[in-house]
Amino acid sequence: MSAASALSATASVLYLRLPARADVPDAARQPITLPFALTLRGRVQRQGFASAESLAEPVSHAQCIVLLLAASDVTVLRVTVPPLPSSRLATALPALVEDCIIGDPADCVLAAGPDEEGSRTIAIVDRAWLQQWVERLRASGARRLSALPVQLCLPLPEHRVAAAVMDFPHPHYASRELVLRLAAGECTGLSLGDAQGEAAAPMEVLRSAAALAAGR
């Protein structure tokens with residue numbers, strides 16, 4: 001995650017926002033239009049919507065590709081972690097999060113943020129879902145890939161909750177989700193349904209945000 005941020009100031013970075021797995025479970029194996037932005041030295045050069053295959057040239061030439069994962073697909077936890085070298089941290093992570101997630105940690109990709117006074121932010125995503133996209137982009141010539149939960153892209157105002165309603169448009173469907181960032185390592189996402197059909201009304205969205213923010 002931090003590597004992508006460091007690269008963005010000096011290199012060409014292609015950002016691709018992925019759909020929620022629940023909305024299109026086989027999206028990585030079928031034609032789908034993705035929101036994208038191509039940056040060079042931190043400045044946006046191109047942006048819009050395109051399939052991964054139609055972006056073959058920037059995919060193969062970008063020094064880094066950042067997959068922005070739907071908030072509802074990523075569990076973000078704040079976990080107390082003993083001081084460990086990086087080589088042992090990766091081995092210890094499954095045991096540290098096992099009681100906090102549903103399912104087997106072996107079926108997930110686990111990524112840990114920097115140590116902050118004995119705790120770390122841990123992001124957890126389904127391994128098979130992420131691997132589908134990695135393989136698809138590798139086939140298009142991608143070199144360096146990283147992933148970032150979209151909820152960690154929200155700003156974090158002091159003593160405030162950051163929230164956004166994010167649409168994912170597509171010719172045949174359109175999904176929408178509520179994204180909240182409550183603290184540095186505390187954030188969540190909630191599907192709001194089909195943006196082209198039955199979707200949550202504004203007051204329902206506000207009530208959901210208030211409930212998830214727990215009075216903050």
# chains A, B, ... in the order shown; residues from 1 in each chain; ligands from 1
$ residues_around --residues "Val150 (chain A)" --least-positions-apart "5" --cutoff "8 Å" --atoms "only C-alpha atoms" --output "mmCIF file with all heavy atoms, in the first residue's frame"
data_model
loop_
_atom_site.group_PDB
_atom_site.id
_atom_site.type_symbol
_atom_site.label_atom_id
_atom_site.label_comp_id
_atom_site.auth_asym_id
_atom_site.auth_seq_id
_atom_site.Cartn_x
_atom_site.Cartn_y
_atom_site.Cartn_z
ATOM 1 N N LEU A 68 -8.170 -0.586 -6.688
ATOM 2 C CA LEU A 68 -8.966 -0.016 -5.606
ATOM 3 C C LEU A 68 -10.124 -0.971 -5.321
ATOM 4 O O LEU A 68 -11.031 -1.118 -6.137
ATOM 5 C CB LEU A 68 -9.474 1.374 -5.990
ATOM 6 C CG LEU A 68 -8.374 2.405 -6.290
ATOM 7 C CD1 LEU A 68 -8.981 3.716 -6.758
ATOM 8 C CD2 LEU A 68 -7.499 2.631 -5.066
ATOM 9 N N LEU A 69 -10.077 -1.625 -4.178
ATOM 10 C CA LEU A 69 -11.030 -2.668 -3.838
ATOM 11 C C LEU A 69 -12.285 -2.082 -3.196
ATOM 12 O O LEU A 69 -12.203 -1.178 -2.360
ATOM 13 C CB LEU A 69 -10.387 -3.664 -2.870
ATOM 14 C CG LEU A 69 -9.055 -4.277 -3.319
ATOM 15 C CD1 LEU A 69 -8.517 -5.179 -2.229
ATOM 16 C CD2 LEU A 69 -9.208 -5.042 -4.624
ATOM 17 N N ALA A 70 -13.449 -2.606 -3.580
ATOM 18 C CA ALA A 70 -14.707 -2.150 -2.995
ATOM 19 C C ALA A 70 -14.668 -2.318 -1.482
ATOM 20 O O ALA A 70 -14.176 -3.323 -0.957
ATOM 21 C CB ALA A 70 -15.869 -2.938 -3.586
ATOM 22 N N ALA A 71 -15.219 -1.330 -0.778
ATOM 23 C CA ALA A 71 -15.174 -1.351 0.688
ATOM 24 C C ALA A 71 -15.853 -2.590 1.257
ATOM 25 O O ALA A 71 -15.407 -3.155 2.264
ATOM 26 C CB ALA A 71 -15.816 -0.083 1.233
#
$ closest_atom_pairs --of "region 52-84 of chain A" --to "region 34-45 of chain A" --cutoff "12 Å" --atoms "only C-alpha atoms" --output "tab-separated table"
residue	atom	partner	partner_atom	distance
A:Ala52	CA	A:Leu34	CA	7.2
A:Glu53	CA	A:Leu34	CA	10.5
A:Ser54	CA	A:Leu34	CA	10.4
A:Leu55	CA	A:Phe36	CA	9.3
A:Glu57	CA	A:Leu38	CA	11.4
A:Pro58	CA	A:Leu38	CA	7.8
A:Val59	CA	A:Leu38	CA	9.5
A:His61	CA	A:Leu38	CA	10.8
A:Ala62	CA	A:Leu38	CA	8.3
A:Gln63	CA	A:Leu40	CA	9.8
A:Cys64	CA	A:Thr39	CA	10.1
A:Ile65	CA	A:Leu38	CA	9.2
A:Val66	CA	A:Phe36	CA	9.9
A:Leu67	CA	A:Phe36	CA	9.6
A:Leu68	CA	A:Phe36	CA	9.6
A:Leu69	CA	A:Leu34	CA	11.7
$ closest_residue --among "A:Ala147, A:Cys100, A:Ala163, A:Ala184" --to "Leu16 (chain A)" --atoms "only C-alpha atoms"
A:Ala147
$ closest_residue --among "A:Val179, A:Arg127, A:Ala201, A:Gly185" --to "Thr80 (chain A)" --atoms "only C-alpha atoms"
A:Gly185
$ closest_residue --among "A:Ala50, A:Ala111, A:Ala11, A:Ala22" --to "Pro169 (chain A)" --atoms "only C-alpha atoms"
A:Ala50
$ atom_distance --atom1 "CA of Leu212 (chain A)" --atom2 "CA of Val109 (chain A)"
25.0 Å
$ select_by_dssp --residues "region 55-190 of chain A" --states "strand (DSSP E or B)" --output "short mmCIF file (atom, residue, chain, number, x, y, z; two decimals) with N, CA and C atoms, in the first residue's frame"
data_model
loop_
_atom_site.label_atom_id
_atom_site.label_comp_id
_atom_site.auth_asym_id
_atom_site.auth_seq_id
_atom_site.Cartn_x
_atom_site.Cartn_y
_atom_site.Cartn_z
N CYS A 64 3.31 1.09 -11.98
CA CYS A 64 2.55 0.46 -10.90
C CYS A 64 1.07 0.51 -11.25
N ILE A 65 0.36 -0.56 -10.95
CA ILE A 65 -1.09 -0.59 -11.09
C ILE A 65 -1.68 -0.79 -9.71
N VAL A 66 -2.59 0.09 -9.32
CA VAL A 66 -3.23 0.03 -8.01
C VAL A 66 -4.68 -0.38 -8.20
N LEU A 67 -5.06 -1.51 -7.63
CA LEU A 67 -6.43 -1.98 -7.67
C LEU A 67 -7.15 -1.41 -6.45
N LEU A 68 -8.17 -0.59 -6.69
CA LEU A 68 -8.97 -0.02 -5.61
C LEU A 68 -10.12 -0.97 -5.32
N LEU A 69 -10.08 -1.63 -4.18
CA LEU A 69 -11.03 -2.67 -3.84
C LEU A 69 -12.29 -2.08 -3.20
N VAL A 74 -13.57 -5.75 1.64
CA VAL A 74 -12.36 -5.74 2.47
C VAL A 74 -12.73 -5.53 3.93
N THR A 75 -12.27 -6.43 4.76
CA THR A 75 -12.39 -6.25 6.21
C THR A 75 -11.15 -5.54 6.70
N VAL A 76 -11.35 -4.43 7.40
CA VAL A 76 -10.22 -3.67 7.94
C VAL A 76 -10.31 -3.73 9.46
N LEU A 77 -9.24 -4.21 10.08
CA LEU A 77 -9.20 -4.38 11.53
C LEU A 77 -8.04 -3.61 12.13
N ARG A 78 -8.19 -3.26 13.39
CA ARG A 78 -7.09 -2.70 14.17
C ARG A 78 -6.71 -3.77 15.18
N VAL A 79 -5.49 -4.30 15.07
CA VAL A 79 -5.09 -5.47 15.85
C VAL A 79 -3.82 -5.17 16.62
N THR A 80 -3.78 -5.62 17.88
CA THR A 80 -2.55 -5.53 18.67
C THR A 80 -1.58 -6.60 18.17
N CYS A 108 -7.62 -16.05 2.43
CA CYS A 108 -7.60 -14.59 2.33
C CYS A 108 -6.19 -14.07 2.09
N VAL A 109 -6.12 -12.89 1.49
CA VAL A 109 -4.88 -12.13 1.44
C VAL A 109 -4.90 -11.17 2.62
N LEU A 110 -3.84 -11.15 3.42
CA LEU A 110 -3.74 -10.30 4.60
C LEU A 110 -2.61 -9.31 4.40
N ALA A 111 -2.90 -8.03 4.64
CA ALA A 111 -1.87 -7.00 4.50
C ALA A 111 -1.86 -6.16 5.76
N ALA A 112 -0.67 -5.91 6.30
CA ALA A 112 -0.53 -5.17 7.54
C ALA A 112 0.08 -3.80 7.29
N GLU A 116 2.05 1.02 14.96
CA GLU A 116 1.73 2.28 15.63
C GLU A 116 1.45 1.99 17.09
N SER A 119 0.09 -1.61 17.69
CA SER A 119 -1.05 -2.09 16.91
C SER A 119 -0.84 -1.78 15.44
N ARG A 120 -1.54 -2.52 14.60
CA ARG A 120 -1.45 -2.34 13.16
C ARG A 120 -2.84 -2.41 12.54
N THR A 121 -2.99 -1.72 11.41
CA THR A 121 -4.20 -1.86 10.60
C THR A 121 -4.00 -3.05 9.67
N ILE A 122 -4.94 -3.99 9.72
CA ILE A 122 -4.87 -5.20 8.90
C ILE A 122 -6.02 -5.19 7.90
N ALA A 123 -5.72 -5.34 6.62
CA ALA A 123 -6.73 -5.43 5.57
C ALA A 123 -6.82 -6.87 5.09
N ILE A 124 -8.06 -7.36 4.92
CA ILE A 124 -8.29 -8.77 4.60
C ILE A 124 -9.25 -8.85 3.42
N VAL A 125 -8.85 -9.59 2.37
CA VAL A 125 -9.69 -9.72 1.18
C VAL A 125 -9.63 -11.17 0.69
N ASP A 126 -10.69 -11.62 0.04
CA ASP A 126 -10.74 -12.98 -0.49
C ASP A 126 -9.63 -13.21 -1.51
N LEU A 145 1.93 -4.74 -9.27
CA LEU A 145 0.54 -4.60 -8.86
C LEU A 145 0.46 -4.41 -7.34
N SER A 146 -0.47 -3.58 -6.92
CA SER A 146 -0.78 -3.47 -5.49
C SER A 146 -2.27 -3.27 -5.35
N ALA A 147 -2.78 -3.40 -4.13
CA ALA A 147 -4.21 -3.26 -3.88
C ALA A 147 -4.42 -2.34 -2.69
N LEU A 148 -5.52 -1.59 -2.73
CA LEU A 148 -5.83 -0.63 -1.68
C LEU A 148 -7.34 -0.61 -1.46
N PRO A 149 -7.80 -0.84 -0.23
CA PRO A 149 -9.24 -0.72 0.05
C PRO A 149 -9.70 0.72 -0.18
N ALA A 162 -15.56 10.34 8.02
CA ALA A 162 -15.59 10.58 6.58
C ALA A 162 -16.50 9.54 5.93
N ALA A 163 -17.38 9.99 5.04
CA ALA A 163 -18.31 9.08 4.38
C ALA A 163 -18.46 9.46 2.91
N ALA A 164 -18.75 8.46 2.09
CA ALA A 164 -18.98 8.70 0.66
C ALA A 164 -19.95 7.66 0.14
N VAL A 165 -20.79 8.06 -0.81
CA VAL A 165 -21.62 7.12 -1.56
C VAL A 165 -20.96 6.95 -2.92
N MET A 166 -20.57 5.72 -3.23
CA MET A 166 -19.81 5.46 -4.45
C MET A 166 -20.61 4.60 -5.40
N ASP A 167 -20.74 5.08 -6.65
CA ASP A 167 -21.42 4.33 -7.71
C ASP A 167 -20.40 3.58 -8.55
N PHE A 168 -20.84 2.43 -9.04
CA PHE A 168 -20.03 1.69 -10.01
C PHE A 168 -20.89 1.48 -11.24
N SER A 175 -23.91 -0.73 -9.43
CA SER A 175 -24.00 -0.93 -7.99
C SER A 175 -23.63 0.35 -7.25
N ARG A 176 -24.01 0.40 -5.99
CA ARG A 176 -23.76 1.59 -5.18
C ARG A 176 -23.45 1.12 -3.76
N GLU A 177 -22.46 1.76 -3.12
CA GLU A 177 -22.18 1.40 -1.75
C GLU A 177 -21.85 2.63 -0.91
N LEU A 178 -22.13 2.48 0.38
CA LEU A 178 -21.80 3.51 1.36
C LEU A 178 -20.46 3.14 1.97
N VAL A 179 -19.54 4.10 2.00
CA VAL A 179 -18.19 3.88 2.52
C VAL A 179 -17.95 4.83 3.68
N LEU A 180 -17.48 4.31 4.80
CA LEU A 180 -17.20 5.14 5.97
C LEU A 180 -15.79 4.89 6.49
N ARG A 181 -15.14 5.97 6.89
CA ARG A 181 -13.87 5.86 7.60
C ARG A 181 -14.04 6.56 8.94
N LEU A 182 -13.97 5.77 10.01
CA LEU A 182 -14.28 6.25 11.34
C LEU A 182 -13.03 6.68 12.11
N ALA A 183 -11.91 6.04 11.78
CA ALA A 183 -10.63 6.33 12.42
C ALA A 183 -9.55 5.80 11.50
N GLU A 186 -10.12 2.10 11.26
CA GLU A 186 -11.49 1.66 11.47
C GLU A 186 -12.36 2.20 10.34
N CYS A 187 -12.81 1.30 9.47
CA CYS A 187 -13.61 1.72 8.33
C CYS A 187 -14.46 0.55 7.86
N THR A 188 -15.48 0.86 7.06
CA THR A 188 -16.40 -0.19 6.65
C THR A 188 -17.10 0.21 5.35
N GLY A 189 -17.82 -0.73 4.76
CA GLY A 189 -18.59 -0.47 3.56
C GLY A 189 -19.89 -1.24 3.60
N LEU A 190 -20.93 -0.68 2.98
CA LEU A 190 -22.25 -1.29 2.99
C LEU A 190 -22.88 -1.14 1.61
#
$ closest_residue --among "A:Leu137, A:Ile32, A:Met203, A:Ala142" --to "Ser51 (chain A)" --atoms "only C-alpha atoms"
A:Ile32
